[in-house]
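Structure file protein_28.txt (compact mmCIF, C-alpha atoms) follows.
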```txt
# COMPACT_ATOMS: atom_id res chain seq x y z
CA MET A 21 -38.82 -20.46 -44.73
CA THR A 22 -36.02 -22.35 -43.01
CA PHE A 23 -34.75 -25.83 -43.68
CA PRO A 24 -32.72 -28.28 -41.62
CA GLU A 25 -29.07 -27.33 -42.00
CA GLU A 26 -26.40 -29.75 -40.83
CA HIS A 27 -22.74 -28.81 -40.69
CA PHE A 28 -20.31 -31.69 -40.96
CA LEU A 29 -16.58 -32.32 -41.22
CA LEU A 30 -15.34 -34.80 -43.84
CA ASP A 31 -12.27 -36.79 -42.79
CA ASP A 32 -11.78 -34.35 -39.91
CA THR A 33 -10.62 -31.64 -42.31
CA VAL A 34 -13.23 -30.56 -44.88
CA PRO A 35 -16.15 -28.45 -43.60
CA GLY A 36 -19.44 -29.04 -45.35
CA THR A 37 -23.11 -28.22 -45.03
CA LEU A 38 -26.12 -30.38 -45.89
CA TRP A 39 -29.56 -28.87 -46.44
CA GLU A 40 -32.56 -31.17 -46.59
CA PRO A 41 -36.22 -30.79 -47.42
CA PRO A 42 -38.87 -31.87 -44.92
CA GLY A 43 -38.57 -35.65 -44.71
CA GLY A 44 -34.89 -35.60 -45.57
CA ASP A 45 -35.30 -37.38 -48.89
CA GLY A 46 -34.78 -36.27 -52.51
CA PRO A 47 -32.01 -36.36 -55.11
CA LEU A 48 -28.69 -34.81 -54.07
CA ILE A 49 -27.21 -31.72 -55.74
CA LEU A 50 -23.62 -30.72 -54.96
CA ILE A 51 -22.91 -26.97 -55.08
CA ALA A 52 -19.30 -25.83 -55.44
CA HIS A 53 -18.61 -22.17 -54.69
CA GLY A 54 -16.42 -19.84 -56.77
CA GLY A 55 -12.90 -18.60 -56.15
CA GLY A 56 -12.50 -16.53 -52.99
CA GLN A 57 -15.97 -17.56 -51.75
CA HIS A 58 -17.08 -20.21 -49.26
CA ARG A 59 -19.89 -22.69 -48.71
CA GLY A 60 -22.00 -20.13 -46.83
CA ALA A 61 -21.82 -17.44 -49.52
CA PRO A 62 -25.22 -16.04 -50.58
CA SER A 63 -24.79 -17.44 -54.09
CA VAL A 64 -24.52 -20.93 -52.58
CA THR A 65 -27.18 -20.66 -49.90
CA GLY A 66 -29.62 -18.94 -52.28
CA ARG A 67 -29.33 -21.77 -54.79
CA ALA A 68 -29.54 -24.33 -51.98
CA ARG A 69 -32.73 -22.81 -50.60
CA MET A 70 -34.35 -22.84 -54.03
CA LEU A 71 -33.42 -26.47 -54.67
CA VAL A 72 -34.48 -27.66 -51.22
CA ALA A 73 -37.84 -25.90 -51.66
CA SER A 74 -38.29 -28.13 -54.73
CA GLY A 75 -37.47 -31.33 -52.87
CA PHE A 76 -33.73 -31.72 -53.47
CA ARG A 77 -31.04 -32.34 -50.88
CA VAL A 78 -28.06 -30.02 -51.29
CA ALA A 79 -24.49 -30.31 -50.06
CA ALA A 80 -21.71 -27.72 -50.21
CA LEU A 81 -18.06 -27.98 -49.16
CA ASP A 82 -15.49 -25.30 -48.50
CA ALA A 83 -12.92 -25.63 -51.27
CA PRO A 84 -9.26 -26.15 -50.39
CA GLY A 85 -7.88 -22.88 -49.11
CA HIS A 86 -11.32 -21.32 -48.75
CA GLY A 87 -13.89 -20.62 -46.05
CA ASP A 88 -13.24 -22.27 -42.68
CA ARG A 89 -10.14 -24.13 -43.87
CA PRO A 90 -6.76 -23.27 -42.43
CA ASP A 91 -4.79 -23.98 -45.61
CA PRO A 92 -5.06 -20.79 -47.66
CA VAL A 93 -4.21 -20.74 -51.32
CA ALA A 94 -2.57 -17.67 -52.78
CA SER A 95 -4.96 -14.91 -53.79
CA PRO A 96 -5.04 -14.54 -57.57
CA MET A 97 -5.35 -10.82 -57.10
CA ARG A 98 -1.75 -10.56 -55.82
CA GLY A 99 -0.07 -11.93 -58.93
CA THR A 100 2.84 -10.00 -60.30
CA ALA A 101 5.10 -12.23 -62.36
CA GLU A 102 2.28 -13.88 -64.30
CA GLY A 103 -0.91 -12.35 -65.71
CA LEU A 104 -4.15 -12.47 -63.73
CA ALA A 105 -5.88 -14.85 -66.14
CA GLU A 106 -3.01 -17.35 -66.07
CA ARG A 107 -2.79 -17.12 -62.29
CA VAL A 108 -6.54 -17.69 -61.87
CA ALA A 109 -6.38 -20.70 -64.21
CA ARG A 110 -3.44 -22.21 -62.33
CA ILE A 111 -5.00 -21.73 -58.89
CA ASN A 112 -8.39 -23.05 -60.07
CA ALA A 113 -6.69 -26.17 -61.43
CA GLU A 114 -4.79 -26.72 -58.16
CA VAL A 115 -7.94 -26.26 -56.10
CA ALA A 116 -9.92 -28.61 -58.34
CA THR A 117 -7.37 -31.39 -58.15
CA ARG A 118 -7.33 -31.19 -54.36
CA ALA A 119 -11.10 -30.86 -54.12
CA VAL A 120 -12.19 -33.84 -56.22
CA PRO A 121 -11.35 -36.58 -53.65
CA GLU A 122 -13.23 -34.53 -51.08
CA TRP A 123 -16.36 -34.31 -53.24
CA ARG A 124 -16.12 -38.06 -53.91
CA ALA A 125 -15.97 -38.66 -50.15
CA ALA A 126 -19.06 -36.46 -49.79
CA LEU A 127 -20.83 -38.60 -52.39
CA ASP A 128 -19.78 -41.77 -50.54
CA ARG A 129 -21.44 -40.34 -47.47
CA LEU A 130 -24.57 -38.75 -48.95
CA ALA A 131 -25.42 -40.60 -52.19
CA PRO A 132 -23.13 -43.65 -52.28
CA SER A 133 -24.76 -45.22 -55.30
CA GLY A 134 -25.72 -41.96 -57.04
CA PRO A 135 -27.16 -40.37 -59.05
CA ALA A 136 -26.44 -36.80 -58.02
CA GLY A 137 -26.29 -33.41 -59.70
CA PHE A 138 -23.47 -30.89 -59.69
CA TRP A 139 -23.73 -27.08 -59.85
CA GLY A 140 -20.70 -24.84 -60.03
CA VAL A 141 -19.51 -21.87 -62.07
CA SER A 142 -16.11 -20.25 -62.45
CA MET A 143 -13.72 -22.07 -60.08
CA GLY A 144 -16.65 -24.31 -59.13
CA ALA A 145 -17.00 -25.36 -62.77
CA VAL A 146 -13.35 -26.38 -62.95
CA VAL A 147 -13.99 -28.56 -59.89
CA GLY A 148 -17.07 -29.93 -61.62
CA LEU A 149 -15.28 -30.77 -64.84
CA GLU A 150 -12.69 -32.79 -62.95
CA LEU A 151 -15.29 -34.44 -60.71
CA MET A 152 -17.66 -35.33 -63.57
CA ALA A 153 -14.79 -36.79 -65.57
CA ALA A 154 -13.76 -38.93 -62.58
CA ASP A 155 -17.05 -40.06 -61.03
CA ASN A 156 -20.03 -41.35 -62.97
CA ARG A 157 -22.37 -40.82 -60.04
CA ILE A 158 -22.77 -37.23 -61.28
CA ALA A 159 -25.70 -37.61 -63.68
CA ALA A 160 -26.17 -33.97 -64.70
CA GLY A 161 -24.20 -30.77 -64.31
CA VAL A 162 -24.81 -27.03 -64.45
CA LEU A 163 -21.46 -25.40 -65.17
CA GLY A 164 -20.17 -22.17 -66.66
CA LEU A 165 -17.97 -19.08 -66.53
CA THR A 166 -14.81 -20.91 -67.55
CA GLY A 167 -13.03 -21.86 -70.74
CA ALA A 168 -10.63 -24.35 -69.15
CA ARG A 169 -10.13 -28.10 -69.37
CA HIS A 170 -11.46 -29.01 -72.80
CA ASP A 171 -9.67 -32.34 -72.28
CA LEU A 172 -12.00 -33.21 -69.40
CA ALA A 173 -15.13 -31.97 -71.17
CA ALA A 174 -14.40 -34.36 -74.03
CA THR A 175 -14.84 -37.30 -71.60
CA ILE A 176 -18.13 -36.07 -70.11
CA THR A 177 -21.28 -37.57 -71.63
CA VAL A 178 -24.05 -36.68 -69.15
CA PRO A 179 -26.40 -33.71 -69.70
CA VAL A 180 -24.81 -30.31 -69.16
CA GLU A 181 -26.23 -26.79 -68.96
CA PHE A 182 -23.39 -24.34 -69.52
CA ALA A 183 -23.53 -20.60 -68.73
CA LEU A 184 -21.38 -18.09 -70.60
CA GLN A 185 -21.19 -14.37 -69.92
CA TRP A 186 -20.86 -12.60 -73.24
CA ASN A 187 -18.63 -9.82 -71.83
CA ASP A 188 -16.67 -11.92 -69.33
CA GLU A 189 -13.51 -10.02 -68.41
CA PHE A 190 -11.77 -13.20 -67.20
CA VAL A 191 -12.91 -15.84 -69.73
CA PRO A 192 -12.24 -15.30 -73.45
CA ARG A 193 -15.50 -15.93 -75.30
CA ALA A 194 -13.87 -18.24 -77.83
CA SER A 195 -12.46 -20.48 -75.08
CA ALA A 196 -15.87 -20.86 -73.44
CA LEU A 197 -17.57 -21.59 -76.79
CA ALA A 198 -14.89 -24.17 -77.55
CA LEU A 199 -15.36 -25.75 -74.12
CA PHE A 200 -19.10 -26.04 -74.78
CA GLU A 201 -18.32 -27.66 -78.10
CA ALA A 202 -15.89 -30.10 -76.43
CA PHE A 203 -18.47 -31.77 -74.17
CA ALA A 204 -19.27 -35.26 -75.46
CA SER A 205 -22.79 -35.01 -74.01
CA THR A 206 -25.72 -35.72 -76.31
CA GLU A 207 -27.74 -33.18 -74.35
CA LYS A 208 -25.90 -29.95 -73.68
CA THR A 209 -27.24 -26.41 -73.74
CA LEU A 210 -25.28 -23.19 -73.81
CA HIS A 211 -26.91 -20.19 -72.13
CA ALA A 212 -25.15 -16.95 -73.05
CA ASN A 213 -26.11 -13.61 -71.51
CA PRO A 214 -24.65 -10.13 -71.79
CA GLY A 215 -22.59 -8.93 -68.90
CA ARG A 216 -19.37 -9.45 -67.00
CA HIS A 217 -18.14 -12.46 -65.06
CA ALA A 218 -20.12 -11.74 -61.90
CA GLU A 219 -23.32 -10.66 -63.65
CA LEU A 220 -24.93 -14.03 -64.39
CA PRO A 221 -28.68 -13.27 -64.42
CA ARG A 222 -30.82 -14.62 -61.62
CA PHE A 223 -33.23 -16.29 -64.03
CA GLU A 224 -30.46 -18.76 -64.88
CA ALA A 225 -30.94 -20.26 -61.40
CA ASP A 226 -34.57 -20.98 -62.26
CA SER A 227 -33.40 -22.61 -65.47
CA ALA A 228 -30.88 -24.74 -63.57
CA LEU A 229 -33.63 -25.93 -61.23
CA ARG A 230 -35.69 -27.08 -64.21
CA PHE A 231 -32.65 -28.77 -65.72
CA PHE A 232 -32.14 -30.78 -62.53
CA GLN A 233 -35.86 -31.58 -62.33
CA ARG A 234 -35.66 -33.06 -65.84
CA HIS A 235 -32.61 -35.18 -65.14
CA LEU A 236 -32.91 -36.09 -61.46
CA PRO A 237 -36.57 -36.85 -60.96
CA GLN A 238 -37.95 -37.10 -57.46
CA ARG A 239 -38.93 -40.51 -56.19
CA LYS A 240 -42.68 -40.61 -55.65
CA MET B 12 -57.77 -30.54 -72.82
CA THR B 13 -59.33 -28.35 -75.46
CA PHE B 14 -59.49 -24.58 -75.63
CA PRO B 15 -61.72 -22.18 -77.53
CA GLU B 16 -60.29 -21.86 -81.03
CA GLU B 17 -61.53 -19.09 -83.29
CA HIS B 18 -60.59 -18.89 -86.94
CA PHE B 19 -60.68 -15.43 -88.47
CA LEU B 20 -59.83 -13.68 -91.71
CA LEU B 21 -57.89 -10.39 -91.54
CA ASP B 22 -58.78 -7.86 -94.23
CA ASP B 23 -60.62 -10.64 -96.08
CA THR B 24 -57.32 -12.26 -97.09
CA VAL B 25 -55.17 -13.46 -94.18
CA PRO B 26 -56.35 -16.58 -92.32
CA GLY B 27 -55.62 -16.61 -88.63
CA THR B 28 -56.46 -18.56 -85.49
CA LEU B 29 -56.95 -17.26 -81.97
CA TRP B 30 -56.72 -19.58 -78.95
CA GLU B 31 -57.92 -18.31 -75.59
CA PRO B 32 -57.83 -19.58 -72.01
CA PRO B 33 -61.04 -19.94 -70.03
CA GLY B 34 -62.31 -16.40 -69.49
CA GLY B 35 -60.70 -15.15 -72.68
CA ASP B 36 -58.25 -12.86 -70.93
CA GLY B 37 -54.45 -12.90 -70.63
CA PRO B 38 -51.46 -11.40 -72.43
CA LEU B 39 -51.26 -12.06 -76.17
CA ILE B 40 -48.45 -14.08 -77.78
CA LEU B 41 -48.10 -14.12 -81.58
CA ILE B 42 -46.70 -17.34 -83.06
CA ALA B 43 -45.25 -17.22 -86.58
CA HIS B 44 -44.69 -20.57 -88.28
CA GLY B 45 -41.59 -21.58 -90.22
CA GLY B 46 -41.03 -21.82 -93.97
CA GLY B 47 -43.25 -24.35 -95.74
CA GLN B 48 -45.46 -24.72 -92.65
CA HIS B 49 -48.80 -23.18 -91.73
CA ARG B 50 -50.69 -21.85 -88.70
CA GLY B 51 -52.11 -25.29 -87.89
CA ALA B 52 -48.75 -27.11 -87.89
CA PRO B 53 -48.10 -29.18 -84.75
CA SER B 54 -45.16 -26.96 -83.81
CA VAL B 55 -47.56 -23.99 -83.69
CA THR B 56 -50.54 -25.66 -82.05
CA GLY B 57 -48.34 -27.44 -79.50
CA ARG B 58 -46.79 -24.16 -78.37
CA ALA B 59 -50.21 -22.48 -78.41
CA ARG B 60 -51.72 -25.18 -76.21
CA MET B 61 -48.89 -24.85 -73.69
CA LEU B 62 -49.19 -21.07 -73.53
CA VAL B 63 -52.98 -21.08 -73.27
CA ALA B 64 -52.77 -23.61 -70.43
CA SER B 65 -50.68 -20.99 -68.61
CA GLY B 66 -53.20 -18.20 -69.17
CA PHE B 67 -51.96 -16.56 -72.37
CA ARG B 68 -53.97 -15.79 -75.47
CA VAL B 69 -52.25 -16.94 -78.68
CA ALA B 70 -52.72 -15.87 -82.28
CA ALA B 71 -51.21 -17.40 -85.41
CA LEU B 72 -51.46 -16.29 -89.04
CA ASP B 73 -50.71 -18.15 -92.24
CA ALA B 74 -47.68 -16.44 -93.74
CA PRO B 75 -47.88 -15.05 -97.28
CA GLY B 76 -47.77 -17.96 -99.69
CA HIS B 77 -48.39 -20.53 -96.97
CA GLY B 78 -51.25 -22.55 -95.52
CA ASP B 79 -54.73 -21.63 -96.71
CA ARG B 80 -53.50 -18.70 -98.81
CA PRO B 81 -53.85 -18.80 -102.57
CA ASP B 82 -50.69 -16.84 -103.32
CA PRO B 83 -47.89 -19.39 -103.21
CA VAL B 84 -44.28 -18.33 -102.94
CA ALA B 85 -41.65 -20.35 -104.76
CA SER B 86 -40.38 -23.38 -102.88
CA PRO B 87 -36.79 -22.85 -101.78
CA MET B 88 -36.14 -26.52 -102.51
CA ARG B 89 -36.45 -25.95 -106.25
CA GLY B 90 -33.63 -23.47 -106.57
CA THR B 91 -31.17 -24.04 -109.36
CA ALA B 92 -29.43 -20.83 -110.36
CA GLU B 93 -28.73 -19.68 -106.79
CA GLY B 94 -27.66 -21.74 -103.78
CA LEU B 95 -30.25 -23.07 -101.34
CA ALA B 96 -29.11 -20.84 -98.45
CA GLU B 97 -29.30 -17.68 -100.57
CA ARG B 98 -32.69 -18.71 -101.92
CA VAL B 99 -34.08 -19.40 -98.43
CA ALA B 100 -32.78 -16.04 -97.21
CA ARG B 101 -34.34 -14.18 -100.14
CA ILE B 102 -37.73 -15.91 -99.79
CA ASN B 103 -37.76 -15.41 -96.01
CA ALA B 104 -37.09 -11.71 -96.45
CA GLU B 105 -39.87 -11.39 -99.04
CA VAL B 106 -42.33 -13.24 -96.83
CA ALA B 107 -41.37 -11.15 -93.78
CA THR B 108 -41.84 -7.85 -95.58
CA ARG B 109 -45.28 -8.91 -96.77
CA ALA B 110 -46.22 -10.42 -93.39
CA VAL B 111 -45.40 -7.49 -91.11
CA PRO B 112 -48.43 -5.29 -91.98
CA GLU B 113 -50.61 -8.35 -91.47
CA TRP B 114 -49.21 -9.00 -87.98
CA ARG B 115 -49.66 -5.31 -87.15
CA ALA B 116 -53.30 -5.57 -88.24
CA ALA B 117 -53.64 -8.62 -85.98
CA LEU B 118 -52.25 -6.57 -83.09
CA ASP B 119 -54.70 -3.75 -83.87
CA ARG B 120 -57.48 -6.26 -83.54
CA LEU B 121 -56.30 -8.35 -80.58
CA ALA B 122 -54.05 -6.13 -78.43
CA PRO B 123 -54.35 -2.63 -79.83
CA SER B 124 -52.37 -0.94 -77.06
CA GLY B 125 -49.99 -3.86 -76.41
CA PRO B 126 -47.96 -5.30 -74.87
CA ALA B 127 -47.69 -8.64 -76.67
CA GLY B 128 -45.07 -11.34 -77.09
CA PHE B 129 -43.73 -12.83 -80.32
CA TRP B 130 -42.49 -16.38 -80.88
CA GLY B 131 -41.00 -17.51 -84.18
CA VAL B 132 -37.96 -19.42 -85.37
CA SER B 133 -36.39 -19.81 -88.80
CA MET B 134 -38.62 -17.95 -91.28
CA GLY B 135 -40.79 -16.99 -88.31
CA ALA B 136 -37.81 -15.28 -86.69
CA VAL B 137 -37.17 -13.20 -89.80
CA VAL B 138 -40.80 -12.07 -89.59
CA GLY B 139 -40.25 -11.34 -85.90
CA LEU B 140 -37.14 -9.28 -86.46
CA GLU B 141 -38.95 -7.08 -88.95
CA LEU B 142 -42.09 -6.83 -86.79
CA MET B 143 -40.22 -6.07 -83.56
CA ALA B 144 -38.17 -3.40 -85.31
CA ALA B 145 -41.38 -1.78 -86.63
CA ASP B 146 -43.86 -2.09 -83.77
CA ASN B 147 -43.10 -1.34 -80.15
CA ARG B 148 -46.15 -3.21 -78.93
CA ILE B 149 -44.02 -6.37 -79.03
CA ALA B 150 -42.52 -6.35 -75.53
CA ALA B 151 -40.58 -9.62 -75.63
CA GLY B 152 -39.56 -12.10 -78.32
CA VAL B 153 -38.43 -15.71 -78.57
CA LEU B 154 -36.55 -16.02 -81.85
CA GLY B 155 -33.91 -18.28 -83.37
CA LEU B 156 -32.64 -20.51 -86.16
CA THR B 157 -31.57 -17.63 -88.38
CA GLY B 158 -28.51 -15.48 -88.90
CA ALA B 159 -30.20 -12.83 -91.01
CA ARG B 160 -31.03 -9.15 -90.55
CA HIS B 161 -28.39 -7.92 -88.09
CA ASP B 162 -29.50 -4.42 -89.15
CA LEU B 163 -32.95 -4.98 -87.62
CA ALA B 164 -31.59 -6.66 -84.48
CA ALA B 165 -29.50 -3.57 -83.78
CA THR B 166 -32.73 -1.56 -83.41
CA ILE B 167 -34.46 -4.01 -81.06
CA THR B 168 -34.18 -3.23 -77.34
CA VAL B 169 -36.80 -5.45 -75.71
CA PRO B 170 -35.91 -8.78 -74.04
CA VAL B 171 -35.05 -11.58 -76.45
CA GLU B 172 -34.47 -15.31 -76.01
CA PHE B 173 -32.61 -16.58 -79.05
CA ALA B 174 -32.23 -20.27 -80.01
CA LEU B 175 -29.27 -21.51 -82.05
CA GLN B 176 -28.76 -25.07 -83.28
CA TRP B 177 -25.05 -25.84 -83.03
CA ASN B 178 -25.05 -28.06 -86.14
CA ASP B 179 -27.60 -26.10 -88.20
CA GLU B 180 -27.19 -27.12 -91.84
CA PHE B 181 -28.90 -23.92 -93.07
CA VAL B 182 -27.59 -21.25 -90.69
CA PRO B 183 -23.83 -20.67 -90.35
CA ARG B 184 -23.00 -20.66 -86.64
CA ALA B 185 -20.99 -17.45 -86.90
CA SER B 186 -23.92 -15.59 -88.48
CA ALA B 187 -26.29 -16.64 -85.68
CA LEU B 188 -23.76 -15.70 -82.97
CA ALA B 189 -23.27 -12.33 -84.66
CA LEU B 190 -27.04 -11.82 -84.85
CA PHE B 191 -27.31 -12.51 -81.11
CA GLU B 192 -24.54 -10.02 -80.50
CA ALA B 193 -26.30 -7.42 -82.67
CA PHE B 194 -29.47 -7.17 -80.56
CA ALA B 195 -29.48 -3.88 -78.63
CA SER B 196 -31.52 -5.51 -75.85
CA THR B 197 -30.22 -5.20 -72.29
CA GLU B 198 -31.71 -8.61 -71.57
CA LYS B 199 -30.97 -11.19 -74.23
CA THR B 200 -30.13 -14.86 -73.76
CA LEU B 201 -28.66 -17.22 -76.32
CA HIS B 202 -29.69 -20.88 -75.99
CA ALA B 203 -27.48 -23.14 -78.10
CA ASN B 204 -28.10 -26.87 -78.42
CA PRO B 205 -26.47 -29.59 -80.50
CA GLY B 206 -28.34 -30.77 -83.53
CA ARG B 207 -29.58 -29.74 -86.93
CA HIS B 208 -32.04 -27.02 -87.95
CA ALA B 209 -35.18 -29.02 -87.20
CA GLU B 210 -33.91 -30.58 -83.96
CA LEU B 211 -34.59 -27.77 -81.49
CA PRO B 212 -35.14 -29.59 -78.16
CA ARG B 213 -38.60 -29.64 -76.66
CA PHE B 214 -37.39 -28.26 -73.35
CA GLU B 215 -36.75 -24.95 -75.12
CA ALA B 216 -40.53 -24.51 -75.33
CA ASP B 217 -40.73 -24.75 -71.54
CA SER B 218 -37.99 -22.15 -71.31
CA ALA B 219 -39.86 -19.85 -73.71
CA LEU B 220 -42.99 -20.11 -71.57
CA ARG B 221 -41.01 -18.98 -68.51
CA PHE B 222 -39.47 -16.15 -70.51
CA PHE B 223 -42.92 -14.88 -71.45
CA GLN B 224 -44.14 -15.30 -67.87
CA ARG B 225 -41.28 -13.07 -66.69
CA HIS B 226 -41.91 -10.35 -69.25
CA LEU B 227 -45.68 -10.45 -69.83
CA PRO B 228 -47.14 -10.96 -66.39
CA GLN B 229 -50.78 -11.94 -66.05
CA ARG B 230 -53.18 -9.36 -64.70
CA LYS B 231 -54.49 -10.49 -61.32
```
So that I can check it, write out the structure of this file as C-alpha cells.
Amino acid sequence: MTFPEEHFLLDDTVPGTLWEPPGGDGPLILIAHGGGQHRGAPSVTGRARMLVASGFRVAALDAPGHGDRPDPVASPMRGTAEGLAERVARINAEVATRAVPEWRAALDRLAPSGPAGFWGVSMGAVVGLELMAADNRIAAGVLGLTGARHDLAATITVPVEFALQWNDEFVPRASALALFEAFASTEKTLHANPGRHAELPRFEADSALRFFQRHLPQRK
Amino acid sequence: MTFPEEHFLLDDTVPGTLWEPPGGDGPLILIAHGGGQHRGAPSVTGRARMLVASGFRVAALDAPGHGDRPDPVASPMRGTAEGLAERVARINAEVATRAVPEWRAALDRLAPSGPAGFWGVSMGAVVGLELMAADNRIAAGVLGLTGARHDLAATITVPVEFALQWNDEFVPRASALALFEAFASTEKTLHANPGRHAELPRFEADSALRFFQRHLPQRK
C-alpha cells in the first residue's frame, strides 16, 4: 500500500516529507528521527505508514546535521577527550536547540492552530522535550530512550507515553525513571522492556498508535 | 451486549463463572480478582466482557475466603499487632497458596492441554505468580500492583505485562521494579502510571487485550 508522499523544503534549508492518507485530512503527527539517522530511515517511514493507514497525516524533518543537510554535526562515535555518553548528550542538546524553530515552522505550515502529536525517541525525544516545552500545539507525545532534560519535562503537562529500555547501554536506568517522574503530565505512562538501546520492541509502535488515537481523535 | 454466562462449582466448593463468545470457542483467559473482591466485581466482569467481545473465553473463580465462599479470611484492614502492608502480604500469600490447586482444576476442566492466559493484579497477581510458576499451561500473564514473590518471578519465562502504580500506597515502588526485573521472561513489559493502588487507568485494559491477542491467537 502506498500513500501520497510530498517532499518539501522549509525556509529553503530544511528538507521534510509529508505523508497523507487518502483525502489528505487527519490529525498531524510529527516524527523526529534518532541520532545519525534521517527522515527516510525505516524506523521513521515504518511508523509513518502505520499512522497514515489509521488516518493520520505525518511529517518528518531531517535534523540539523543529518540526512540531506549540508551542515554535518560531529559524530558522537569519534569522541576522545570526553566520554561517549557525555558527547551524545551534548550533541543531542545542540541538535534539539537548532531543530525546535524548524519544527515550529513545520507546524505553522501544516497544523497552524494545532493540535498535533509528536513521536521521537533517543535524540528525537530530546528534540520533543524542547519542542513540547516551547509550543503548546503539541497535544500528546510518545518519547523515550533518554534520561536528559528533566527541567523541560517538569514544564510539560500534556499526555506522554515514555519508552525505557531496561538494559540501555547509553541511558542510565535511574536517569530515565527520574525523567518519567519529572513530567508534570496528569496522564503519563512508562513502558519498560528488556533489551538494549536499539531493541525497542515493535509492539510499542502499536501502543503508540493507540495512544495517539486516544488523544488526537479523527474528525468525523 | 450480553454473552452466555455459566456459573459452576469446582469440586463442590469453589464457585466460578465462565463467559463464552458466540460459538463457545476461543482461547481461555483466567481472571483472578483482588483482595476483598469477588468473581462478579465490576473490574472482573468488565474485563471479561471486553475479552469475550474479542473472541476469548473467560473464567473467574471466587478466591478462598471471598465472594460466595463460606470460609472467610481475616480482613487486612483489622490488623493491629502487625502493620497493614505486612498483613496484606501474609493474607495474599495464604490465599494464593490455597487458590492455585483450584485454578489448576479449572484449567483441567476448561483448557486441559492449554494454552491459557492469566490476568490478575494486586492479590490476583500473587495468585498468578504462584500459578504461573506451577503450571506451564499459562502461556502469557498480565499482572501488577504487587512487589511480592520475586522467587516465583525468577522461574517464570512466558511473556508478562506488568502494571505498576507510581504512587501506590500499598506497594513500595522499588519492590515492584525489582519484581519486574526478576521475571525470567524474554518478553516482559512494565507499564507504570501515576496514581494510587486503585487508580490503574482504563486504557491498560485495552493494552492487556492486545497483549493476549499477540500471545494467544484465535484459531481460524
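Taking CA of Ala173 (chain A) and CA of Val78 (chain A) as endpoints, the distance between them is 23.8 Å.
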Min atom-atom distance to Glu198 (chain B) from the set B:Pro212, B:Pro38, B:Pro170, B:Gly128, counting only C-alpha atoms, belongs to B:Pro170
Can you list, as a PyMOL selection string, every protein, DNA or RNA residue that comes within 8 Å of region 134-151 of chain B when you count only C-alpha atoms, leaving out same-chain residues fewer than 2 positions away?
-> chain B and resi 42-46+103-104+106-108+110-111+114-115+124-132+153-157+159-160+163-164+166-167+169-171+223+226-227
Would you work out the distance separating CA of Glu114 (chain A) from CA of Ala83 (chain A), expressed in Å to one decimal?
-> 10.7 Å
For chain A, list the residues within 8 Å of chain B, counting all atoms listed in the file, and write the list as a ChimeraX atom specification.
-> /A:206-214,227
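In this model, the gap between CA of Ile102 (chain B) and CA of His49 (chain B) comes to 15.5 Å.
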Could you give me the centre and size, in Å to one decimal, of an axis-aligned box around all listed atoms of region 190-204 of chain B with 3 Å added on every side, as AutoDock Vina command-line options?
```
--center_x -28.1 --center_y -15.4 --center_z -78.2 --size_x 13.2 --size_y 29.0 --size_z 19.3
```
Shortest interatomic distance to Ser186 (chain B) - which of B:His161, B:Asp36, B:Ala219, B:Phe14, counting all atoms listed in the file = B:His161
Please identify all polymer residues lying at most 10 Å from the point (-34.5, -29.3, -52.1) (file coordinates), using all atoms listed in the file, and present the result as a ChimeraX atom specification.
-> /A:23,39-42,44-49,67-78,229
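Among the candidates A:Gly167, A:Ala198, A:Pro237, A:Asp32, the residue lying nearest to Ala105 (chain A) is A:Gly167 (atoms considered: only C-alpha atoms).
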What residues have an atom no more than 12 Å from (-61.1, -14.2, -100.5) in the file's own frame, counting all atoms listed in the file, and can you write them as an NGL selection string?
-> :B and (20-26 or 79-82)
Since we have the selection now, will you write its residues out, keeping C-alpha atoms, as a short mmCIF file (atom, residue, chain, number, x, y, z; two decimals), in the frame of the given file?
```cif
data_model
loop_
_atom_site.label_atom_id
_atom_site.label_comp_id
_atom_site.auth_asym_id
_atom_site.auth_seq_id
_atom_site.Cartn_x
_atom_site.Cartn_y
_atom_site.Cartn_z
CA LEU B 20 -59.83 -13.68 -91.71
CA LEU B 21 -57.89 -10.39 -91.54
CA ASP B 22 -58.78 -7.86 -94.23
CA ASP B 23 -60.62 -10.64 -96.08
CA THR B 24 -57.32 -12.26 -97.09
CA VAL B 25 -55.17 -13.46 -94.18
CA PRO B 26 -56.35 -16.58 -92.32
CA ASP B 79 -54.73 -21.63 -96.71
CA ARG B 80 -53.50 -18.70 -98.81
CA PRO B 81 -53.85 -18.80 -102.57
CA ASP B 82 -50.69 -16.84 -103.32
#
```
Using only C-alpha atoms, the residue out of A:Ala202, A:Leu104, A:Ala126, A:Leu38 with shortest distance to Ala79 (chain A) is A:Leu38
Quick test: take region 140-145 of chain B, keep N, CA, C and O atoms, and write it as a PDB file, in the first residue's frame.
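part04.pdb, freshly written:
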```pdb
ATOM      1  N   LEU B 140       1.335 -15.300  40.102  1.00  0.00           N
ATOM      2  CA  LEU B 140       2.751 -15.663  40.213  1.00  0.00           C
ATOM      3  C   LEU B 140       2.891 -17.118  40.623  1.00  0.00           C
ATOM      4  O   LEU B 140       3.688 -17.874  40.042  1.00  0.00           O
ATOM      5  N   GLU B 141       2.102 -17.518  41.615  1.00  0.00           N
ATOM      6  CA  GLU B 141       2.217 -18.884  42.108  1.00  0.00           C
ATOM      7  C   GLU B 141       1.694 -19.884  41.065  1.00  0.00           C
ATOM      8  O   GLU B 141       2.289 -20.940  40.844  1.00  0.00           O
ATOM      9  N   LEU B 142       0.605 -19.522  40.389  1.00  0.00           N
ATOM     10  CA  LEU B 142       0.036 -20.405  39.368  1.00  0.00           C
ATOM     11  C   LEU B 142       0.977 -20.535  38.166  1.00  0.00           C
ATOM     12  O   LEU B 142       1.216 -21.643  37.658  1.00  0.00           O
ATOM     13  N   MET B 143       1.507 -19.417  37.705  1.00  0.00           N
ATOM     14  CA  MET B 143       2.371 -19.452  36.513  1.00  0.00           C
ATOM     15  C   MET B 143       3.675 -20.196  36.800  1.00  0.00           C
ATOM     16  O   MET B 143       4.254 -20.814  35.905  1.00  0.00           O
ATOM     17  N   ALA B 144       4.141 -20.111  38.046  1.00  0.00           N
ATOM     18  CA  ALA B 144       5.352 -20.851  38.406  1.00  0.00           C
ATOM     19  C   ALA B 144       5.082 -22.355  38.461  1.00  0.00           C
ATOM     20  O   ALA B 144       5.981 -23.160  38.256  1.00  0.00           O
ATOM     21  N   ALA B 145       3.805 -22.735  38.719  1.00  0.00           N
ATOM     22  CA  ALA B 145       3.475 -24.147  38.940  1.00  0.00           C
ATOM     23  C   ALA B 145       2.924 -24.845  37.705  1.00  0.00           C
ATOM     24  O   ALA B 145       2.975 -26.069  37.618  1.00  0.00           O
TER      25      ALA B 145
END
```
